[in-house]
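Okay, run-v1.tsv now, which holds TSV, C-alpha atoms:
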chain	number	residue	atom	x	y	z
G	7	MET	CA	82.69	105.58	57.70
G	8	LYS	CA	85.14	108.16	59.06
G	9	THR	CA	84.92	109.27	62.69
G	10	SER	CA	84.58	113.03	63.04
G	11	TYR	CA	87.40	115.09	64.49
G	12	ALA	CA	85.26	116.17	67.45
G	13	VAL	CA	84.41	112.55	68.32
G	14	ARG	CA	88.08	111.52	68.15
G	15	ILE	CA	89.11	114.41	70.45
G	16	ALA	CA	86.37	113.47	72.93
G	17	GLY	CA	87.61	109.88	72.91
G	18	VAL	CA	91.17	110.96	73.64
G	19	GLY	CA	89.96	113.15	76.52
G	20	LEU	CA	87.96	110.27	78.02
G	21	ALA	CA	90.94	107.90	77.78
G	22	ALA	CA	93.17	110.46	79.50
G	23	ALA	CA	90.65	110.90	82.30
G	24	ILE	CA	90.43	107.14	82.85
G	25	GLY	CA	94.22	106.85	82.85
G	26	THR	CA	94.52	109.64	85.43
G	27	THR	CA	91.96	107.92	87.68
G	28	ILE	CA	93.82	104.59	87.52
G	29	VAL	CA	97.18	106.18	88.30
G	30	ALA	CA	95.76	108.19	91.20
G	31	ALA	CA	93.86	105.29	92.79
G	32	PRO	CA	96.80	103.62	94.64
G	33	ALA	CA	97.77	106.92	96.28
G	34	LEU	CA	94.22	107.41	97.53
G	35	ALA	CA	94.22	103.89	99.00
G	36	ALA	CA	97.55	104.29	100.83
G	37	PRO	CA	97.60	104.26	104.66
G	38	SER	CA	97.18	107.70	106.18
G	39	SER	CA	100.00	107.13	108.64
G	40	VAL	CA	103.36	105.37	108.48
G	41	PRO	CA	105.51	105.07	111.61
G	42	GLY	CA	108.80	106.90	112.03
G	43	ALA	CA	111.02	105.37	114.70
G	44	VAL	CA	109.87	102.00	116.07
G	45	GLN	CA	110.90	99.59	118.81
G	46	VAL	CA	111.77	95.96	118.09
G	47	ALA	CA	109.94	94.17	120.88
G	48	ALA	CA	111.69	91.47	122.86
G	49	ALA	CA	108.56	90.61	124.87
G	50	LYS	CA	105.34	88.83	123.93
G	51	VAL	CA	103.08	90.94	121.75
G	52	ASN	CA	99.39	91.69	122.35
G	53	TRP	CA	98.13	91.45	118.77
G	54	THR	CA	94.71	92.87	119.62
G	55	ASP	CA	96.39	96.04	120.90
G	56	VAL	CA	98.61	96.17	117.80
G	57	SER	CA	95.54	96.00	115.56
G	58	LYS	CA	93.76	98.71	117.55
G	59	GLY	CA	96.84	100.95	117.54
G	60	ALA	CA	97.26	100.72	113.78
G	61	SER	CA	93.54	101.25	113.18
G	62	ALA	CA	93.55	104.33	115.40
G	63	VAL	CA	95.91	106.14	113.03
G	64	GLY	CA	94.37	104.77	109.84
G	65	ASP	CA	97.14	102.27	109.07
G	66	LYS	CA	94.95	99.56	107.55
G	67	ARG	CA	97.79	97.38	106.29
G	68	ASN	CA	99.39	96.90	109.70
G	69	ALA	CA	95.99	96.54	111.37
G	70	GLN	CA	95.18	93.72	108.94
G	71	ALA	CA	98.59	92.13	109.59
G	72	ALA	CA	97.81	91.94	113.30
G	73	GLN	CA	94.38	90.52	112.56
G	74	TRP	CA	96.02	87.88	110.37
G	75	VAL	CA	98.04	86.68	113.38
G	76	LEU	CA	94.83	86.40	115.42
G	77	ALA	CA	92.97	84.49	112.69
G	78	LYS	CA	92.73	80.73	112.29
G	79	HIS	CA	95.43	79.29	110.01
G	80	ALA	CA	95.85	76.15	107.97
G	81	ALA	CA	98.29	73.49	109.14
G	82	ALA	CA	100.89	74.52	106.57
G	83	PRO	CA	101.71	78.02	105.31
G	84	VAL	CA	100.82	79.10	101.78
G	85	ALA	CA	102.85	81.37	99.49
G	86	ALA	CA	101.34	84.61	100.85
G	87	ASP	CA	102.08	83.74	104.47
G	88	LYS	CA	105.76	84.66	104.28
G	89	SER	CA	104.71	88.20	103.40
G	90	ASN	CA	102.10	88.11	106.17
G	91	VAL	CA	104.72	87.13	108.76
G	92	LYS	CA	106.98	89.96	107.58
G	93	GLN	CA	104.18	92.55	107.76
G	94	SER	CA	103.11	91.30	111.18
G	95	VAL	CA	106.61	91.84	112.54
G	96	LEU	CA	106.52	95.40	111.21
G	97	ALA	CA	103.10	95.95	112.78
G	98	ALA	CA	104.23	94.66	116.18
G	99	SER	CA	107.34	96.86	116.11
G	100	ALA	CA	105.31	99.94	115.23
G	101	TYR	CA	102.25	99.47	117.42
G	102	GLY	CA	103.24	97.09	120.21
G	103	ASP	CA	103.27	98.04	123.88
G	104	VAL	CA	107.04	97.96	124.47
G	105	ALA	CA	107.42	101.72	124.63
G	106	GLU	CA	105.21	104.81	124.66
G	107	PRO	CA	104.84	106.34	122.24
G	108	ILE	CA	106.16	103.94	119.61
G	109	VAL	CA	104.90	105.88	116.59
G	110	THR	CA	107.07	108.91	117.24
G	111	ASP	CA	106.64	110.84	114.00
G	112	ALA	CA	103.73	109.53	111.96
G	113	ALA	CA	103.47	112.76	109.99
G	114	ASN	CA	107.05	112.47	108.72
G	115	PRO	CA	108.03	108.80	108.28
G	116	SER	CA	111.49	109.59	106.90
G	117	VAL	CA	112.63	111.09	110.22
G	118	GLY	CA	113.35	109.17	113.42
G	119	THR	CA	112.74	111.39	116.43
G	120	ALA	CA	114.29	109.41	119.27
G	121	ALA	CA	117.01	111.07	121.32
G	122	GLY	CA	120.47	109.64	120.93
G	123	SER	CA	120.00	108.55	117.32
G	124	THR	CA	123.27	107.59	115.73
G	125	GLY	CA	122.49	107.62	112.03
G	126	SER	CA	122.00	104.82	109.51
G	127	SER	CA	123.37	101.33	109.93
G	128	ASP	CA	124.94	99.14	107.25
G	129	SER	CA	121.88	96.91	107.12
G	130	GLY	CA	120.43	98.16	103.87
G	131	SER	CA	119.12	101.54	104.95
G	132	GLY	CA	120.32	103.13	101.72
G	133	SER	CA	118.04	100.98	99.63
G	134	SER	CA	115.06	101.61	101.86
G	135	GLY	CA	115.63	105.34	101.64
G	136	SER	CA	115.42	105.29	97.86
G	137	SER	CA	111.66	104.86	97.80
G	138	THR	CA	110.66	107.18	100.62
G	139	GLY	CA	113.48	109.66	101.04
G	140	SER	CA	116.57	109.41	103.17
G	141	SER	CA	116.13	107.95	106.61
G	142	THR	CA	117.85	109.92	109.36
G	143	GLY	CA	118.29	108.93	112.96
G	144	SER	CA	117.64	105.32	112.01
G	145	LEU	CA	119.30	103.48	114.87
G	146	ASP	CA	119.36	104.10	118.59
G	147	LEU	CA	121.49	101.42	120.23
G	148	GLY	CA	121.23	102.96	123.69
G	149	SER	CA	117.53	102.37	124.31
G	150	SER	CA	116.76	102.63	128.02
G	151	ASN	CA	114.23	99.79	128.09
G	152	GLY	CA	116.48	97.20	126.48
G	153	SER	CA	114.74	97.08	123.11
G	154	ALA	CA	116.36	98.23	119.88
G	155	GLU	CA	115.06	101.34	118.15
G	156	VAL	CA	115.23	101.58	114.37
G	157	SER	CA	113.40	103.52	111.67
G	158	TYR	CA	110.38	101.78	110.13
G	159	ASN	CA	111.96	101.95	106.68
G	160	ASP	CA	115.25	100.44	107.87
G	161	LEU	CA	113.41	97.63	109.66
G	162	LYS	CA	111.43	96.97	106.48
G	163	ALA	CA	114.69	96.71	104.50
G	164	ILE	CA	116.16	94.30	107.08
G	165	LEU	CA	113.09	92.05	106.85
G	166	GLU	CA	113.05	92.18	103.04
G	167	THR	CA	116.63	90.90	102.99
G	168	TYR	CA	115.99	88.24	105.61
G	169	PHE	CA	112.82	86.84	104.04
G	170	ALA	CA	114.35	86.78	100.55
G	171	SER	CA	116.06	83.51	101.58
G	172	PHE	CA	113.64	82.40	104.32
G	173	ASP	CA	113.19	78.65	104.85
G	174	TRP	CA	110.07	77.44	106.69
G	175	SER	CA	111.70	74.14	107.57
G	176	VAL	CA	114.35	75.64	109.88
G	177	VAL	CA	112.98	78.23	112.29
G	178	THR	CA	114.81	78.73	115.58
G	179	ILE	CA	115.67	81.93	117.45
G	180	PRO	CA	119.45	81.35	117.39
G	181	LEU	CA	119.45	80.56	113.67
G	182	ILE	CA	117.34	83.60	112.78
G	183	ALA	CA	119.62	85.84	114.86
G	184	THR	CA	122.72	84.33	113.23
G	185	VAL	CA	121.37	84.91	109.71
G	186	LEU	CA	120.39	88.50	110.55
G	187	GLN	CA	123.85	89.26	111.96
G	188	ALA	CA	125.47	87.67	108.90
G	189	GLN	CA	123.48	90.18	106.84
G	190	GLY	CA	125.00	93.05	108.83
G	191	VAL	CA	122.30	93.61	111.45
G	192	PRO	CA	123.77	94.59	114.87
G	193	SER	CA	123.18	91.98	117.57
G	194	VAL	CA	121.24	94.47	119.70
G	195	ILE	CA	118.60	94.47	116.94
G	196	ALA	CA	119.10	90.94	115.58
G	197	THR	CA	118.34	89.21	118.89
G	198	PRO	CA	114.96	90.81	119.72
G	199	LEU	CA	114.00	90.75	116.03
G	200	ALA	CA	114.73	87.00	115.87
G	201	LYS	CA	112.52	86.45	118.93
G	202	LEU	CA	109.72	88.48	117.39
G	203	ILE	CA	109.87	86.63	114.05
G	204	TRP	CA	109.86	83.33	115.93
G	205	GLN	CA	106.88	84.40	118.06
G	206	VAL	CA	104.83	85.25	114.97
G	207	ILE	CA	105.59	81.86	113.44
G	208	GLU	CA	104.96	80.05	116.74
G	209	THR	CA	101.56	81.76	117.02
G	210	THR	CA	100.49	81.17	113.41
G	211	PHE	CA	102.23	77.92	112.42
G	212	PRO	CA	103.48	76.26	115.63
G	213	ALA	CA	104.67	73.12	113.83
G	214	TYR	CA	107.35	75.20	112.07
G	215	ALA	CA	108.73	76.92	115.17
G	216	ASN	CA	111.43	74.54	116.37
Please express what this file holds, its structure, as structure tokens.
Amino acid sequence: MKTSYAVRIAGVGLAAAIGTTIVAAPALAAPSSVPGAVQVAAAKVNWTDVSKGASAVGDKRNAQAAQWVLAKHAAAPVAADKSNVKQSVLAASAYGDVAEPIVTDAANPSVGTAAGSTGSSDSGSGSSGSSTGSSTGSLDLGSSNGSAEVSYNDLKAILETYFASFDWSVVTIPLIATVLQAQGVPSVIATPLAKLIWQVIETTFPAYAN
């Protein structure tokens, strides 16, 4: 039995509507705020404050990352935990209490607003800019409080590169800093970033923080 033309057209319209809904869904679920310039903390992080800070601006992903640090963990990390460590470092850098305010331009994440910005570094900022637009004012190496300022997107690119070859069995601050600098990260950023990565691992999986 042949399907009528009207029925076929209605079916095509329904399929198109479903397809549009599926494509649009991820955009609707995206965080309402993404940080601009952030500070890489060299001090201990208050993860409760990080979670509250991210929640306050509707950044669910970073709020959940902070909550993951506070949660109870198994003795050994699972496959997803490498990503959780990486996201927690981003959350701490964006919503920690090292500087006020840390989220300097939530409405325009491609622009760093800190004074004295010196442009992009050679740490992979070009690749991070490809997905979200170019990142300007990405590094400020003259931060008055001793912590390194970098755009959120550049920091994300640095962590992506570092964790691509991450080894749970060897986690020390000097080694992390050495690997980061070998990847082109300036020491003024590599050192506090290494401490922050180590602190996350020490808090969540202390047996792996040497």
### Query
So how far away is atom CA of Ala72 of chain G from atom CA of Val51 of chain G, in Å?
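So the answer is 10.0 Å.
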### Message
Taking (116.1, 93.5, 110.3) as a centre in this file's frame and 7 Å as the limit, can you find every polymer residue with an atom that close, using all atoms listed in the file, and give them as a list in words?
### Response
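The residues that fall inside the cut-off are Leu161, Lys162, Ala163, Ile164, Leu165, Leu186, Val191, Ala196 and Leu199 of chain G.
In this comparison, which uses only C-alpha atoms, the residue of G:Asn90, G:Ser171, G:Thr54, G:Thr178 approaching Thr197 of chain G most closely is G:Thr178.
For the set G:Ala77, G:Val156, G:Ile195, G:Val44, the residue with the smallest atom-to-atom gap to Phe211 of chain G is G:Ala77, counting only C-alpha atoms.
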### Task
Tell me, in Å to one decimal, how far atom CA of Asn52 of chain G is from atom CA of Ser175 of chain G.
26.0 Å
Which centre and which edge lengths, in Å to one decimal, describe the axis-aligned box that holds all listed atoms of segment 55-65 of chain G after 8 Å is added on each side, as lines of an AutoDock Vina configuration file?
center_x = 96.1
center_y = 101.1
center_z = 115.0
size_x = 21.1
size_y = 26.1
size_z = 27.8
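Interatomic distance, atom CA of Lys78 of chain G to atom CA of Gly59 of chain G: 21.3 Å.
Among the candidate residues G:Ala213, G:Ile179, G:Val185, G:Ala100, the one lying nearest to Arg67 of chain G is G:Ala100, with distances computed using all atoms listed in the file.
Closest to Tyr168 of chain G among G:Ser99, G:Thr210, G:Asn216, G:Ser89 is G:Ser89, based on all atoms listed in the file.
Among G:Gln73, G:Ile203, G:Pro212, G:Pro192, the residue with the shortest atom-to-atom distance to Val91 of chain G, counting all atoms listed in the file, is G:Ile203.
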### Query
Pick from G:Gln189, G:Gln205, G:Ser157, G:Ser57: nearest to Gly102 of chain G, with all atoms listed in the file counted?
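Distance minimum relative to Gly102 of chain G lands on G:Ser57.
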### Ala97 of chain G surroundings by only C-alpha atoms, 7 Å radius, close-in-sequence under 2 positions cut, as a PyMOL selection string
chain G and resi 56+68+71-72+93-95+99-101
